[in-house]
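Below is input.cif, which holds mmCIF, N, CA and C atoms and all ligand atoms.
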data_coords
loop_
_atom_site.label_atom_id
_atom_site.label_comp_id
_atom_site.auth_asym_id
_atom_site.auth_seq_id
_atom_site.Cartn_x
_atom_site.Cartn_y
_atom_site.Cartn_z
N MET R 1 -79.10 209.71 47.76
CA MET R 1 -79.65 211.03 47.46
C MET R 1 -81.15 210.98 47.69
N PRO R 2 -81.62 211.63 48.74
CA PRO R 2 -83.04 211.57 49.06
C PRO R 2 -83.94 212.06 47.92
N GLN R 3 -83.49 213.04 47.17
CA GLN R 3 -84.34 213.59 46.11
C GLN R 3 -84.39 212.70 44.87
N HIS R 4 -83.43 211.79 44.75
CA HIS R 4 -83.39 210.91 43.58
C HIS R 4 -83.63 209.44 43.94
N LEU R 5 -83.69 209.16 45.22
CA LEU R 5 -83.93 207.79 45.70
C LEU R 5 -82.87 206.80 45.20
N HIS R 6 -81.62 207.24 45.14
CA HIS R 6 -80.55 206.30 44.82
C HIS R 6 -79.37 206.53 45.75
N GLY R 7 -78.52 205.53 45.81
CA GLY R 7 -77.33 205.61 46.65
C GLY R 7 -76.09 205.75 45.80
N LEU R 8 -74.96 205.46 46.42
CA LEU R 8 -73.68 205.53 45.71
C LEU R 8 -73.55 204.37 44.73
N PRO R 9 -72.74 204.55 43.68
CA PRO R 9 -72.47 203.45 42.77
C PRO R 9 -71.43 202.48 43.33
N THR R 10 -70.86 202.82 44.47
CA THR R 10 -69.83 202.00 45.09
C THR R 10 -70.29 201.56 46.48
N ARG R 11 -69.53 200.65 47.08
CA ARG R 11 -69.82 200.18 48.43
C ARG R 11 -68.64 200.54 49.33
N PRO R 12 -68.68 201.73 49.93
CA PRO R 12 -67.56 202.17 50.78
C PRO R 12 -67.39 201.23 51.98
N ARG R 13 -66.14 201.16 52.45
CA ARG R 13 -65.89 200.35 53.64
C ARG R 13 -64.70 200.90 54.41
N VAL R 14 -64.65 200.56 55.66
CA VAL R 14 -63.52 200.94 56.50
C VAL R 14 -62.34 200.06 56.13
N THR R 15 -61.22 200.69 55.79
CA THR R 15 -60.05 199.92 55.36
C THR R 15 -58.89 200.01 56.34
N ALA R 16 -58.96 200.91 57.30
CA ALA R 16 -57.85 201.00 58.26
C ALA R 16 -58.30 201.71 59.53
N HIS R 17 -57.75 201.29 60.64
CA HIS R 17 -57.90 201.98 61.92
C HIS R 17 -56.66 202.83 62.10
N LEU R 18 -56.85 204.14 62.14
CA LEU R 18 -55.71 205.07 62.16
C LEU R 18 -55.27 205.42 63.57
N GLY R 19 -56.03 204.98 64.57
CA GLY R 19 -55.70 205.30 65.95
C GLY R 19 -56.49 206.51 66.43
N ASN R 20 -56.55 206.66 67.73
CA ASN R 20 -57.27 207.78 68.35
C ASN R 20 -58.74 207.86 67.92
N GLY R 21 -59.32 206.72 67.63
CA GLY R 21 -60.73 206.71 67.24
C GLY R 21 -60.98 207.09 65.81
N ASP R 22 -59.93 207.23 65.01
CA ASP R 22 -60.09 207.58 63.59
C ASP R 22 -60.01 206.32 62.72
N TYR R 23 -60.87 206.29 61.72
CA TYR R 23 -60.89 205.17 60.77
C TYR R 23 -60.86 205.71 59.35
N LEU R 24 -60.23 204.99 58.46
CA LEU R 24 -60.18 205.37 57.05
C LEU R 24 -61.31 204.67 56.31
N VAL R 25 -62.13 205.43 55.62
CA VAL R 25 -63.20 204.88 54.80
C VAL R 25 -62.85 205.14 53.34
N GLU R 26 -62.77 204.06 52.57
CA GLU R 26 -62.44 204.21 51.14
C GLU R 26 -63.59 203.70 50.30
N GLY R 27 -63.65 204.18 49.08
CA GLY R 27 -64.66 203.74 48.14
C GLY R 27 -65.86 204.66 48.03
N VAL R 28 -65.77 205.86 48.62
CA VAL R 28 -66.86 206.82 48.48
C VAL R 28 -66.71 207.52 47.13
N LYS R 29 -67.69 207.33 46.27
CA LYS R 29 -67.62 207.91 44.93
C LYS R 29 -68.99 208.50 44.58
N PHE R 30 -69.06 209.83 44.60
CA PHE R 30 -70.31 210.51 44.29
C PHE R 30 -70.42 210.68 42.78
N GLN R 31 -71.54 210.27 42.21
CA GLN R 31 -71.69 210.38 40.77
C GLN R 31 -72.36 211.67 40.34
N MET R 32 -72.77 212.51 41.30
CA MET R 32 -73.37 213.79 40.94
C MET R 32 -73.36 214.72 42.15
N GLY R 33 -73.50 216.01 41.85
CA GLY R 33 -73.61 216.99 42.91
C GLY R 33 -75.02 216.98 43.47
N GLY R 34 -75.20 217.70 44.57
CA GLY R 34 -76.53 217.81 45.17
C GLY R 34 -76.52 217.37 46.63
N TRP R 35 -77.71 217.09 47.13
CA TRP R 35 -77.88 216.74 48.54
C TRP R 35 -77.68 215.24 48.72
N TRP R 36 -76.75 214.91 49.58
CA TRP R 36 -76.47 213.51 49.92
C TRP R 36 -76.61 213.33 51.42
N VAL R 37 -77.05 212.17 51.80
CA VAL R 37 -77.10 211.80 53.21
C VAL R 37 -76.23 210.56 53.37
N MET R 38 -75.26 210.65 54.28
CA MET R 38 -74.37 209.51 54.54
C MET R 38 -74.59 209.00 55.95
N ASP R 39 -74.92 207.73 56.06
CA ASP R 39 -75.10 207.08 57.36
C ASP R 39 -73.91 206.18 57.66
N PHE R 40 -73.44 206.26 58.87
CA PHE R 40 -72.38 205.38 59.33
C PHE R 40 -72.91 204.61 60.53
N ASP R 41 -72.96 203.29 60.41
CA ASP R 41 -73.37 202.43 61.51
C ASP R 41 -72.11 201.99 62.25
N ILE R 42 -72.06 202.33 63.51
CA ILE R 42 -70.86 202.07 64.31
C ILE R 42 -71.22 201.09 65.43
N THR R 43 -70.50 199.97 65.45
CA THR R 43 -70.75 198.95 66.46
C THR R 43 -69.57 198.87 67.41
N ALA R 44 -69.86 198.94 68.68
CA ALA R 44 -68.83 198.81 69.72
C ALA R 44 -69.50 198.35 70.99
N GLY R 45 -68.83 197.45 71.67
CA GLY R 45 -69.35 196.98 72.95
C GLY R 45 -70.73 196.34 72.85
N GLY R 46 -71.01 195.70 71.70
CA GLY R 46 -72.29 195.02 71.53
C GLY R 46 -73.44 195.94 71.17
N ARG R 47 -73.15 197.20 70.95
CA ARG R 47 -74.21 198.15 70.56
C ARG R 47 -73.89 198.77 69.22
N THR R 48 -74.91 199.06 68.45
CA THR R 48 -74.74 199.73 67.17
C THR R 48 -75.51 201.04 67.20
N GLU R 49 -74.84 202.09 66.79
CA GLU R 49 -75.49 203.39 66.68
C GLU R 49 -75.21 203.95 65.30
N ARG R 50 -76.10 204.82 64.85
CA ARG R 50 -75.95 205.41 63.53
C ARG R 50 -75.68 206.90 63.65
N VAL R 51 -74.69 207.36 62.88
CA VAL R 51 -74.44 208.80 62.78
C VAL R 51 -74.74 209.20 61.34
N ARG R 52 -75.41 210.31 61.16
CA ARG R 52 -75.87 210.74 59.83
C ARG R 52 -75.29 212.10 59.50
N PHE R 53 -74.73 212.19 58.28
CA PHE R 53 -74.20 213.46 57.78
C PHE R 53 -74.98 213.89 56.55
N HIS R 54 -75.34 215.14 56.52
CA HIS R 54 -75.99 215.72 55.33
C HIS R 54 -74.93 216.53 54.58
N LEU R 55 -74.74 216.24 53.31
CA LEU R 55 -73.73 216.91 52.49
C LEU R 55 -74.41 217.61 51.33
N GLN R 56 -73.94 218.80 51.02
CA GLN R 56 -74.42 219.50 49.83
C GLN R 56 -73.22 219.64 48.90
N LEU R 57 -73.18 218.81 47.86
CA LEU R 57 -72.04 218.82 46.93
C LEU R 57 -72.35 219.75 45.77
N LYS R 58 -71.43 220.67 45.52
CA LYS R 58 -71.62 221.61 44.40
C LYS R 58 -71.22 220.92 43.10
N LYS R 59 -71.96 221.24 42.06
CA LYS R 59 -71.74 220.63 40.75
C LYS R 59 -70.54 221.27 40.06
CU CU J 101 -78.82 211.67 42.31
#

Kindly return the structure encoded in the file as structure tokens.
Ligand SMILES: [Cu+2]
Amino acid sequence: MPQHLHGLPTRPRVTAHLGNGDYLVEGVKFQMGGWWVMDFDITAGGRTERVRFHLQLKK
């Protein structure tokens, strides 16, 4: 949470490859509503790129 300078209380991780480029991420647990930024670092073919999602969770 950029406004609170803290992250999740959990450590999410990819737990399954579902096929067609889809992956299951488990362990995402938001402890409060508000503005969250989620970064996903994706490594393939020796390169790593980051995709960033901005979420606004209602309380
Ligand atoms: Cu917070």

Return as a ChimeraX atom specification the residues of protein, DNA or RNA that approach ligand CU 101 (chain J) to within 9 Å, with only C-alpha atoms and all ligand atoms taken into account. /R:1-8,30-36

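A straight line drawn from atom N of R:Val25 to atom C of R:Arg47 is 19.2 Å long.
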
In Å, with one decimal, what is the gap from atom CA of R:Leu18 to atom C of R:Thr43?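 Those two atoms sit 16.1 Å apart.
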
Computed interatomic separation between atom CA of R:Arg11 and atom CA of R:Asp41 (Å):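 Atom-to-atom, atom CA of R:Arg11 and atom CA of R:Asp41 are spaced 13.7 Å apart.
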
Please run DSSP on the backbone and report, as a list in words, all residues within stretch 24-57 of chain R that come out as strand (DSSP E). Leu24, Val25, Glu26, Gly34, Trp35, Trp36, Val37, Met38, Asp39, Phe40, Asp41, Ile42, Thr43, Ala44, Arg47, Thr48, Glu49, Arg50, Val51, Arg52, Phe53, His54, Leu55, Gln56 and Leu57 of chain R

Atoms kept (N, CA and C atoms) for selection, written as a CSV table (one decimal), in the frame of the given file:
chain,number,residue,atom,x,y,z
R,24,LEU,N,-60.2,205.0,58.5
R,24,LEU,CA,-60.2,205.4,57.0
R,24,LEU,C,-61.3,204.7,56.3
R,25,VAL,N,-62.1,205.4,55.6
R,25,VAL,CA,-63.2,204.9,54.8
R,25,VAL,C,-62.8,205.1,53.3
R,26,GLU,N,-62.8,204.1,52.6
R,26,GLU,CA,-62.4,204.2,51.1
R,26,GLU,C,-63.6,203.7,50.3
R,34,GLY,N,-75.2,217.7,44.6
R,34,GLY,CA,-76.5,217.8,45.2
R,34,GLY,C,-76.5,217.4,46.6
R,35,TRP,N,-77.7,217.1,47.1
R,35,TRP,CA,-77.9,216.7,48.5
R,35,TRP,C,-77.7,215.2,48.7
R,36,TRP,N,-76.8,214.9,49.6
R,36,TRP,CA,-76.5,213.5,49.9
R,36,TRP,C,-76.6,213.3,51.4
R,37,VAL,N,-77.0,212.2,51.8
R,37,VAL,CA,-77.1,211.8,53.2
R,37,VAL,C,-76.2,210.6,53.4
R,38,MET,N,-75.3,210.6,54.3
R,38,MET,CA,-74.4,209.5,54.5
R,38,MET,C,-74.6,209.0,56.0
R,39,ASP,N,-74.9,207.7,56.1
R,39,ASP,CA,-75.1,207.1,57.4
R,39,ASP,C,-73.9,206.2,57.7
R,40,PHE,N,-73.4,206.3,58.9
R,40,PHE,CA,-72.4,205.4,59.3
R,40,PHE,C,-72.9,204.6,60.5
R,41,ASP,N,-73.0,203.3,60.4
R,41,ASP,CA,-73.4,202.4,61.5
R,41,ASP,C,-72.1,202.0,62.2
R,42,ILE,N,-72.1,202.3,63.5
R,42,ILE,CA,-70.9,202.1,64.3
R,42,ILE,C,-71.2,201.1,65.4
R,43,THR,N,-70.5,200.0,65.4
R,43,THR,CA,-70.8,199.0,66.5
R,43,THR,C,-69.6,198.9,67.4
R,44,ALA,N,-69.9,198.9,68.7
R,44,ALA,CA,-68.8,198.8,69.7
R,44,ALA,C,-69.5,198.4,71.0
R,47,ARG,N,-73.2,197.2,71.0
R,47,ARG,CA,-74.2,198.2,70.6
R,47,ARG,C,-73.9,198.8,69.2
R,48,THR,N,-74.9,199.1,68.4
R,48,THR,CA,-74.7,199.7,67.2
R,48,THR,C,-75.5,201.0,67.2
R,49,GLU,N,-74.8,202.1,66.8
R,49,GLU,CA,-75.5,203.4,66.7
R,49,GLU,C,-75.2,204.0,65.3
R,50,ARG,N,-76.1,204.8,64.8
R,50,ARG,CA,-76.0,205.4,63.5
R,50,ARG,C,-75.7,206.9,63.6
R,51,VAL,N,-74.7,207.4,62.9
R,51,VAL,CA,-74.4,208.8,62.8
R,51,VAL,C,-74.7,209.2,61.3
R,52,ARG,N,-75.4,210.3,61.2
R,52,ARG,CA,-75.9,210.7,59.8
R,52,ARG,C,-75.3,212.1,59.5
R,53,PHE,N,-74.7,212.2,58.3
R,53,PHE,CA,-74.2,213.5,57.8
R,53,PHE,C,-75.0,213.9,56.6
R,54,HIS,N,-75.3,215.1,56.5
R,54,HIS,CA,-76.0,215.7,55.3
R,54,HIS,C,-74.9,216.5,54.6
R,55,LEU,N,-74.7,216.2,53.3
R,55,LEU,CA,-73.7,216.9,52.5
R,55,LEU,C,-74.4,217.6,51.3
R,56,GLN,N,-73.9,218.8,51.0
R,56,GLN,CA,-74.4,219.5,49.8
R,56,GLN,C,-73.2,219.6,48.9
R,57,LEU,N,-73.2,218.8,47.9
R,57,LEU,CA,-72.0,218.8,46.9
R,57,LEU,C,-72.4,219.8,45.8

9 Å contact set for R:Arg13, only C-alpha atoms, chain neighbours under 2 positions out, as a PyMOL selection string: chain R and resi 11+15+24-28

Looking at R:Asn20, R:Pro9, R:Phe40, R:Lys29, which one is nearest to R:Leu57, with distances taken over only C-alpha atoms? R:Lys29
